[in-house]
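Enquirer: File work_35.pdb below, PDB, C-alpha atoms:
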MODEL        1
ATOM      1  CA  MET F   1       2.251 -66.745  50.898
ATOM      2  CA  LEU F   2       3.086 -64.651  47.825
ATOM      3  CA  THR F   3       6.579 -65.519  46.640
ATOM      4  CA  PRO F   4       8.322 -64.147  43.511
ATOM      5  CA  LEU F   5       7.745 -67.555  41.883
ATOM      6  CA  LYS F   6       4.020 -67.316  42.494
ATOM      7  CA  ARG F   7       3.989 -63.839  40.919
ATOM      8  CA  ALA F   8       5.886 -65.070  37.853
ATOM      9  CA  GLN F   9       3.429 -67.927  37.431
ATOM     10  CA  GLY F  10       0.633 -65.374  37.126
ATOM     11  CA  LEU F  11       2.686 -63.693  34.350
ATOM     12  CA  GLY F  12       2.063 -60.185  35.646
ATOM     13  CA  SER F  13      -0.849 -57.814  35.216
ATOM     14  CA  ALA F  14      -1.129 -58.327  31.449
ATOM     15  CA  LYS F  15      -0.943 -62.142  31.872
ATOM     16  CA  GLN F  16       1.650 -62.277  29.120
ATOM     17  CA  GLY F  17       4.879 -62.300  31.112
ATOM     18  CA  ALA F  18       8.005 -61.528  29.088
ATOM     19  CA  ASP F  19       6.378 -62.666  25.841
ATOM     20  CA  HIS F  20       6.488 -59.268  24.105
ATOM     21  CA  PHE F  21      10.008 -58.538  25.375
ATOM     22  CA  LEU F  22      11.316 -61.789  23.887
ATOM     23  CA  ARG F  23       9.372 -61.524  20.616
ATOM     24  CA  GLN F  24      10.616 -57.954  20.117
ATOM     25  CA  ARG F  25      14.211 -59.187  20.436
ATOM     26  CA  ILE F  26      13.820 -62.328  18.330
ATOM     27  CA  THR F  27      12.306 -60.290  15.478
ATOM     28  CA  ALA F  28      15.016 -57.643  16.004
ATOM     29  CA  VAL F  29      17.710 -60.275  15.388
ATOM     30  CA  ALA F  30      15.904 -61.457  12.245
ATOM     31  CA  ASN F  31      15.578 -57.860  11.037
ATOM     32  CA  LEU F  32      19.236 -57.151  11.815
ATOM     33  CA  ILE F  33      20.195 -59.944   9.410
ATOM     34  CA  LEU F  34      17.571 -59.300   6.728
ATOM     35  CA  ILE F  35      17.322 -55.489   6.612
ATOM     36  CA  PRO F  36      20.874 -54.917   5.270
ATOM     37  CA  PHE F  37      20.117 -57.548   2.620
ATOM     38  CA  ALA F  38      16.802 -55.931   1.682
ATOM     39  CA  VAL F  39      18.235 -52.392   1.627
ATOM     40  CA  GLY F  40      21.063 -53.549  -0.654
ATOM     41  CA  LEU F  41      18.579 -55.400  -2.863
ATOM     42  CA  ILE F  42      16.205 -52.447  -3.217
ATOM     43  CA  ALA F  43      19.108 -50.008  -3.761
ATOM     44  CA  ALA F  44      20.425 -52.282  -6.524
ATOM     45  CA  LEU F  45      16.932 -52.435  -8.073
ATOM     46  CA  ALA F  46      16.310 -48.669  -7.846
ATOM     47  CA  GLY F  47      15.055 -47.515 -11.224
ATOM     48  CA  ALA F  48      15.237 -51.012 -12.755
ATOM     49  CA  ASP F  49      12.510 -52.085 -15.175
ATOM     50  CA  LEU F  50       9.806 -54.530 -14.135
ATOM     51  CA  ASP F  51      11.348 -57.556 -15.884
ATOM     52  CA  THR F  52      14.605 -57.129 -13.942
ATOM     53  CA  VAL F  53      12.712 -56.677 -10.663
ATOM     54  CA  LYS F  54      10.621 -59.791 -11.381
ATOM     55  CA  ALA F  55      13.667 -61.871 -12.307
ATOM     56  CA  THR F  56      15.480 -60.822  -9.133
ATOM     57  CA  LEU F  57      12.590 -61.191  -6.675
ATOM     58  CA  SER F  58      11.478 -64.541  -8.099
ATOM     59  CA  HIS F  59      14.689 -66.260  -6.990
ATOM     60  CA  PRO F  60      13.522 -68.676  -4.256
ATOM     61  CA  LEU F  61      16.041 -67.515  -1.636
ATOM     62  CA  VAL F  62      15.387 -63.829  -2.325
ATOM     63  CA  ALA F  63      11.612 -64.312  -2.171
ATOM     64  CA  ALA F  64      11.852 -66.420   1.014
ATOM     65  CA  ALA F  65      14.130 -63.876   2.693
ATOM     66  CA  LEU F  66      11.737 -61.048   1.816
ATOM     67  CA  ILE F  67       8.716 -62.974   3.125
ATOM     68  CA  VAL F  68      10.471 -63.743   6.427
ATOM     69  CA  LEU F  69      11.495 -60.071   6.672
ATOM     70  CA  VAL F  70       7.906 -58.908   6.078
ATOM     71  CA  LEU F  71       6.575 -61.266   8.781
ATOM     72  CA  SER F  72       9.318 -60.360  11.256
ATOM     73  CA  SER F  73       8.856 -56.631  10.623
ATOM     74  CA  ALA F  74       5.079 -56.877  10.976
ATOM     75  CA  ILE F  75       5.382 -58.536  14.405
ATOM     76  CA  HIS F  76       8.116 -56.081  15.474
ATOM     77  CA  MET F  77       6.286 -52.938  14.389
ATOM     78  CA  ARG F  78       2.976 -54.132  15.804
ATOM     79  CA  ILE F  79       4.498 -54.609  19.282
ATOM     80  CA  GLY F  80       6.380 -51.308  19.031
ATOM     81  CA  MET F  81       3.294 -49.317  18.040
ATOM     82  CA  GLN F  82       1.267 -51.100  20.748
ATOM     83  CA  ILE F  83       3.745 -49.814  23.374
ATOM     84  CA  ILE F  84       3.457 -46.273  21.978
ATOM     85  CA  ILE F  85      -0.366 -46.448  22.035
ATOM     86  CA  GLU F  86      -0.446 -47.847  25.583
ATOM     87  CA  ASP F  87       1.967 -45.132  26.753
ATOM     88  CA  TYR F  88       0.103 -42.121  25.358
ATOM     89  CA  VAL F  89      -3.572 -43.052  24.876
ATOM     90  CA  HIS F  90      -5.385 -43.274  28.174
ATOM     91  CA  SER F  91      -9.031 -43.245  27.156
ATOM     92  CA  GLU F  92     -10.192 -46.868  27.156
ATOM     93  CA  GLY F  93     -12.284 -46.599  23.998
ATOM     94  CA  ALA F  94      -9.679 -44.819  21.867
ATOM     95  CA  LYS F  95      -7.002 -47.201  23.119
ATOM     96  CA  LEU F  96      -9.056 -50.267  22.202
ATOM     97  CA  PHE F  97      -9.784 -48.832  18.746
ATOM     98  CA  LEU F  98      -6.130 -47.918  18.063
ATOM     99  CA  LEU F  99      -4.831 -51.280  19.291
ATOM    100  CA  LEU F 100      -7.267 -53.046  16.986
ATOM    101  CA  ALA F 101      -6.341 -50.770  14.056
ATOM    102  CA  ASN F 102      -2.649 -51.352  14.801
ATOM    103  CA  THR F 103      -3.043 -55.126  14.547
ATOM    104  CA  LEU F 104      -5.130 -54.942  11.374
ATOM    105  CA  ILE F 105      -2.744 -52.494   9.670
ATOM    106  CA  ALA F 106       0.413 -54.409  10.620
ATOM    107  CA  TYR F 107      -0.883 -57.754   9.344
ATOM    108  CA  GLY F 108      -2.780 -56.170   6.439
ATOM    109  CA  VAL F 109       0.399 -54.532   5.115
ATOM    110  CA  ALA F 110       2.247 -57.819   5.609
ATOM    111  CA  ALA F 111      -0.446 -59.713   3.663
ATOM    112  CA  VAL F 112      -0.240 -57.291   0.719
ATOM    113  CA  ALA F 113       3.573 -57.406   0.653
ATOM    114  CA  ILE F 114       3.750 -61.221   0.901
ATOM    115  CA  PHE F 115       1.083 -61.700  -1.765
ATOM    116  CA  ALA F 116       2.962 -59.292  -4.044
ATOM    117  CA  VAL F 117       6.236 -61.221  -3.616
ATOM    118  CA  LEU F 118       4.443 -64.517  -4.318
ATOM    119  CA  LYS F 119       2.726 -63.099  -7.386
ATOM    120  CA  LEU F 120       6.030 -61.753  -8.710
ATOM    121  CA  SER F 121       7.524 -65.217  -8.172
ATOM    122  CA  PHE F 122       4.734 -67.422  -9.536
ATOM    123  CA  GLY F 123       2.583 -65.085 -11.627
ATOM    124  CA  ALA F 124       2.784 -64.532 -15.344
TER     125      ALA F 124
ATOM    126  CA  MET B   1      11.587 -33.389  63.615
ATOM    127  CA  THR B   2       9.444 -31.426  61.195
ATOM    128  CA  GLU B   3       6.229 -30.069  62.615
ATOM    129  CA  VAL B   4       3.117 -31.187  60.853
ATOM    130  CA  SER B   5       0.469 -28.528  60.547
ATOM    131  CA  SER B   6      -2.769 -28.808  58.626
ATOM    132  CA  GLU B   7      -3.210 -24.987  58.572
ATOM    133  CA  GLN B   8      -0.269 -24.110  56.301
ATOM    134  CA  PRO B   9       0.070 -26.899  53.736
ATOM    135  CA  ALA B  10       1.525 -24.710  50.946
ATOM    136  CA  ARG B  11       4.509 -23.466  53.018
ATOM    137  CA  VAL B  12       6.690 -26.554  52.712
ATOM    138  CA  GLU B  13       9.078 -26.239  49.760
ATOM    139  CA  ARG B  14       9.393 -29.743  48.441
ATOM    140  CA  PRO B  15      11.781 -30.477  45.600
ATOM    141  CA  LEU B  16       9.861 -30.996  42.373
ATOM    142  CA  SER B  17      10.576 -33.932  40.144
ATOM    143  CA  PRO B  18      12.252 -32.821  36.914
ATOM    144  CA  HIS B  19       9.847 -31.700  34.231
ATOM    145  CA  LEU B  20      10.623 -32.011  30.502
ATOM    146  CA  GLN B  21      10.592 -28.211  30.042
ATOM    147  CA  VAL B  22      13.233 -27.524  32.667
ATOM    148  CA  TYR B  23      15.201 -30.749  32.461
ATOM    149  CA  HIS B  24      18.690 -30.372  31.017
ATOM    150  CA  LEU B  25      18.676 -32.165  27.665
ATOM    151  CA  GLN B  26      21.044 -35.126  27.667
ATOM    152  CA  ILE B  27      22.159 -37.290  24.790
ATOM    153  CA  ASN B  28      20.754 -40.532  26.224
ATOM    154  CA  MET B  29      17.231 -39.107  26.520
ATOM    155  CA  VAL B  30      17.468 -37.615  23.024
ATOM    156  CA  MET B  31      18.474 -41.045  21.700
ATOM    157  CA  SER B  32      15.583 -42.690  23.526
ATOM    158  CA  ILE B  33      13.107 -40.250  21.980
ATOM    159  CA  VAL B  34      14.676 -40.550  18.513
ATOM    160  CA  HIS B  35      14.588 -44.362  18.730
ATOM    161  CA  ARG B  36      10.854 -44.241  19.385
ATOM    162  CA  LEU B  37      10.245 -41.586  16.712
ATOM    163  CA  THR B  38      12.220 -43.489  14.069
ATOM    164  CA  GLY B  39      10.339 -46.654  15.022
ATOM    165  CA  ALA B  40       7.024 -44.887  14.467
ATOM    166  CA  ALA B  41       8.317 -43.429  11.184
ATOM    167  CA  LEU B  42       9.373 -46.902  10.005
ATOM    168  CA  TYR B  43       5.806 -48.089  10.639
ATOM    169  CA  VAL B  44       4.712 -45.648   7.942
ATOM    170  CA  GLY B  45       7.784 -46.435   5.844
ATOM    171  CA  SER B  46       6.804 -50.098   5.640
ATOM    172  CA  LEU B  47       3.706 -48.919   3.747
ATOM    173  CA  LEU B  48       6.066 -47.523   1.083
ATOM    174  CA  VAL B  49       7.855 -50.869   0.662
ATOM    175  CA  ALA B  50       4.516 -52.680   0.490
ATOM    176  CA  TRP B  51       3.293 -50.102  -2.060
ATOM    177  CA  TRP B  52       6.389 -50.665  -4.229
ATOM    178  CA  LEU B  53       5.941 -54.478  -4.119
ATOM    179  CA  PHE B  54       2.205 -54.080  -4.756
ATOM    180  CA  ALA B  55       2.967 -51.880  -7.788
ATOM    181  CA  ALA B  56       5.461 -54.394  -9.169
ATOM    182  CA  ALA B  57       2.866 -57.153  -8.780
ATOM    183  CA  THR B  58       0.156 -55.037 -10.432
ATOM    184  CA  GLY B  59       1.735 -54.257 -13.794
ATOM    185  CA  PRO B  60       4.281 -52.227 -15.787
ATOM    186  CA  ASP B  61       2.207 -49.034 -16.001
ATOM    187  CA  TYR B  62       1.414 -48.784 -12.315
ATOM    188  CA  PHE B  63       4.990 -49.804 -11.451
ATOM    189  CA  ALA B  64       6.314 -46.965 -13.624
ATOM    190  CA  PHE B  65       3.901 -44.536 -11.933
ATOM    191  CA  VAL B  66       5.029 -45.522  -8.405
ATOM    192  CA  ASN B  67       8.701 -45.390  -9.413
ATOM    193  CA  GLY B  68       8.001 -41.903 -10.772
ATOM    194  CA  VAL B  69       6.543 -40.848  -7.408
ATOM    195  CA  PHE B  70       9.610 -42.178  -5.575
ATOM    196  CA  GLU B  71      11.964 -40.471  -8.032
ATOM    197  CA  SER B  72      10.300 -37.061  -7.666
ATOM    198  CA  TRP B  73      11.987 -34.573  -5.330
ATOM    199  CA  PRO B  74       9.469 -34.970  -2.478
ATOM    200  CA  GLY B  75       9.670 -38.734  -2.951
ATOM    201  CA  MET B  76      13.464 -38.677  -2.750
ATOM    202  CA  VAL B  77      13.406 -36.560   0.431
ATOM    203  CA  VAL B  78      11.040 -39.080   2.029
ATOM    204  CA  LEU B  79      13.216 -42.020   0.909
ATOM    205  CA  VAL B  80      16.428 -40.435   2.235
ATOM    206  CA  GLY B  81      14.683 -39.770   5.557
ATOM    207  CA  TYR B  82      13.239 -43.288   5.587
ATOM    208  CA  SER B  83      16.639 -44.888   4.943
ATOM    209  CA  TRP B  84      18.270 -42.792   7.687
ATOM    210  CA  ALA B  85      15.476 -43.675  10.156
ATOM    211  CA  LEU B  86      15.892 -47.364   9.299
ATOM    212  CA  ILE B  87      19.679 -47.314   9.754
ATOM    213  CA  HIS B  88      19.441 -45.230  12.935
ATOM    214  CA  HIS B  89      16.787 -47.504  14.459
ATOM    215  CA  MET B  90      18.846 -50.578  13.514
ATOM    216  CA  LEU B  91      22.014 -49.189  15.141
ATOM    217  CA  GLY B  92      19.909 -48.173  18.152
ATOM    218  CA  GLY B  93      18.700 -51.758  18.328
ATOM    219  CA  ILE B  94      22.316 -52.995  18.412
ATOM    220  CA  ARG B  95      22.937 -50.520  21.272
ATOM    221  CA  HIS B  96      19.972 -52.000  23.130
ATOM    222  CA  PHE B  97      21.333 -55.516  22.558
ATOM    223  CA  ILE B  98      24.626 -54.411  24.149
ATOM    224  CA  TRP B  99      22.674 -53.014  27.113
ATOM    225  CA  ASP B 100      20.656 -56.258  27.329
ATOM    226  CA  THR B 101      23.893 -58.004  28.285
ATOM    227  CA  ALA B 102      24.175 -55.531  31.202
ATOM    228  CA  SER B 103      27.337 -54.007  29.758
ATOM    229  CA  GLY B 104      28.037 -50.480  28.486
ATOM    230  CA  LEU B 105      25.762 -48.967  31.116
ATOM    231  CA  ASP B 106      28.246 -46.459  32.577
ATOM    232  CA  ILE B 107      27.911 -42.798  31.540
ATOM    233  CA  GLU B 108      31.030 -42.772  29.329
ATOM    234  CA  SER B 109      29.885 -45.836  27.359
ATOM    235  CA  ILE B 110      26.334 -44.487  26.989
ATOM    236  CA  ASP B 111      27.655 -41.174  25.619
ATOM    237  CA  PHE B 112      30.087 -42.960  23.291
ATOM    238  CA  LEU B 113      27.431 -45.382  21.988
ATOM    239  CA  SER B 114      24.925 -42.535  21.521
ATOM    240  CA  TRP B 115      27.231 -40.262  19.536
ATOM    241  CA  GLY B 116      28.582 -43.294  17.672
ATOM    242  CA  THR B 117      25.036 -44.243  16.650
ATOM    243  CA  ILE B 118      24.364 -40.749  15.293
ATOM    244  CA  ALA B 119      27.678 -40.518  13.417
ATOM    245  CA  LEU B 120      27.478 -44.030  11.957
ATOM    246  CA  SER B 121      23.806 -43.645  10.941
ATOM    247  CA  VAL B 122      24.616 -40.463   8.982
ATOM    248  CA  LEU B 123      27.761 -42.005   7.464
ATOM    249  CA  LEU B 124      25.959 -45.187   6.339
ATOM    250  CA  THR B 125      23.043 -43.183   4.912
ATOM    251  CA  VAL B 126      25.454 -41.039   2.882
ATOM    252  CA  CYS B 127      27.268 -44.188   1.654
ATOM    253  CA  LEU B 128      23.952 -45.765   0.615
ATOM    254  CA  TRP B 129      22.856 -42.718  -1.393
ATOM    255  CA  VAL B 130      26.290 -42.199  -2.969
ATOM    256  CA  TYR B 131      26.041 -45.835  -4.120
ATOM    257  CA  ILE B 132      22.530 -45.252  -5.516
ATOM    258  CA  ALA B 133      23.658 -42.004  -7.176
ATOM    259  CA  PHE B 134      26.576 -43.774  -8.911
ATOM    260  CA  GLU B 135      24.351 -46.679  -9.931
ATOM    261  CA  ARG B 136      21.733 -44.339 -11.368
ATOM    262  CA  GLY B 137      24.350 -42.169 -13.115
ATOM    263  CA  TRP B 138      23.351 -38.967 -11.293
ATOM    264  CA  PHE B 139      26.961 -37.818 -11.234
ATOM    265  CA  GLY B 140      26.900 -37.444 -15.008
ATOM    266  CA  ALA B 141      29.168 -39.000 -17.601
TER     267      ALA B 141
ENDMDL
END
Once more with this new file: its structure as structure tokens, please.
Expert:
Amino acid sequence: MLTPLKRAQGLGSAKQGADHFLRQRITAVANLILIPFAVGLIAALAGADLDTVKATLSHPLVAAALIVLVLSSAIHMRIGMQIIIEDYVHSEGAKLFLLLANTLIAYGVAAVAIFAVLKLSFGA
Amino acid sequence: MTEVSSEQPARVERPLSPHLQVYHLQINMVMSIVHRLTGAALYVGSLLVAWWLFAAATGPDYFAFVNGVFESWPGMVVLVGYSWALIHHMLGGIRHFIWDTASGLDIESIDFLSWGTIALSVLLTVCLWVYIAFERGWFGA
């Protein structure tokens, strides 16, 4: 007999259950806290010289907050773009390619941004 | 009872489901589309933030070059649009959090939250750029 419980145990057709739904909201909460901070920070640093930017971004709490924001944003935007791709791209091959590119771009951008923050903090 | 005939299939006038081209535009559907569009725009915008951090980590010359690009007129237009998209998407996210609690789902609340999101996103974007303009001394001495 197929009960609702049995269906939930199979985690639906994608076998991922509510995983994306929850991750999208958890990262949204993190972004909601960190984005106003980051916007204020970048607005305050607009046009500042490199020494000022370095001194500001190398503060441990500032650097940590930015790194968490980059990670949270990367997860959030990867899931969001995946939904857009799955909604509009119906050819299997193109969809597979775009989903792969989406993952690589999202985490690639995050890697560059995190490395840059670390280098500004620790580098000469 | 309706007669079923296989000889005149095109005669029955069924109601058609609403199509985008004839569907009366409503604020909640506009907000849904804008939320998705701003989300996609922010995907590209994150490249700009990464580029700025990358430039700062690369060296003074490259950092000055990238700052120059952002401070050019096309760069400023993109940054103003990016900041509005970010604020609008963030406020839209708050709206979705309210809906996640199964409240604010009646028509009046949806209309109020939608127009409120638009108004507040424009207001906050203006505040942000007035702050930047004062900080940068664009209003003169």
Enquirer: Evaluate the PyMOL selection byres ((chain B and resi 110-123) around 10) and record the selected residues as a ChimeraX atom specification, following the chain and residue labels used in the document.
Expert: /B:26-32,83-95,98-99,103-109,124-128
Enquirer: May I ask which of the residues B:Trp138, B:His24, B:Ser17, B:Arg36 is the closest one to Glu71 (chain B), counting all atoms listed in the file?
Expert: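 Looking only at the distances to Glu71 (chain B), the closest residue turns out to be B:Trp138.
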Enquirer: Quick one: apply the PyMOL selection byres ((chain B) within 10 of (chain F)) to the file and drop the selected residues here as a ChimeraX atom specification.
Expert: /B:36-37,39-40,42-44,46-61,63-64,67-68,70-71,83,86-87,90-91,93-94,96-97,100,128-129,131-133,135-136
Enquirer: Could you check how far CA of Gln21 (chain B) sits from CA of Asp87 (chain F), in Å to one decimal?
Expert: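 Straight-line distance from CA of Gln21 (chain B) to CA of Asp87 (chain F) works out to 19.3 Å.
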Enquirer: Would you please work out which residue, of F:Ile75, F:Gly108, F:Gly17, F:Phe37, is nearest to Leu61 (chain F) when using all atoms listed in the file?
Expert: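 Going through F:Ile75, F:Gly108, F:Gly17, F:Phe37 one by one, the smallest distance to Leu61 (chain F) is for F:Phe37.
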Enquirer: By how many Å are CA of Ile79 (chain F) and CA of Val34 (chain B) apart?
Expert: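 It comes out at 17.4 Å.
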Enquirer: Which value, in Å to one decimal, gives the distance between CA of Phe122 (chain F) and CA of Ser58 (chain F)?
Expert: 7.5 Å
Enquirer: What's the 10 Å shell around Ile33 (chain F), counting all atoms listed in the file, without same-chain residues fewer than 5 positions away, as a ChimeraX atom specification?
Expert: /F:27-28,38,65,69
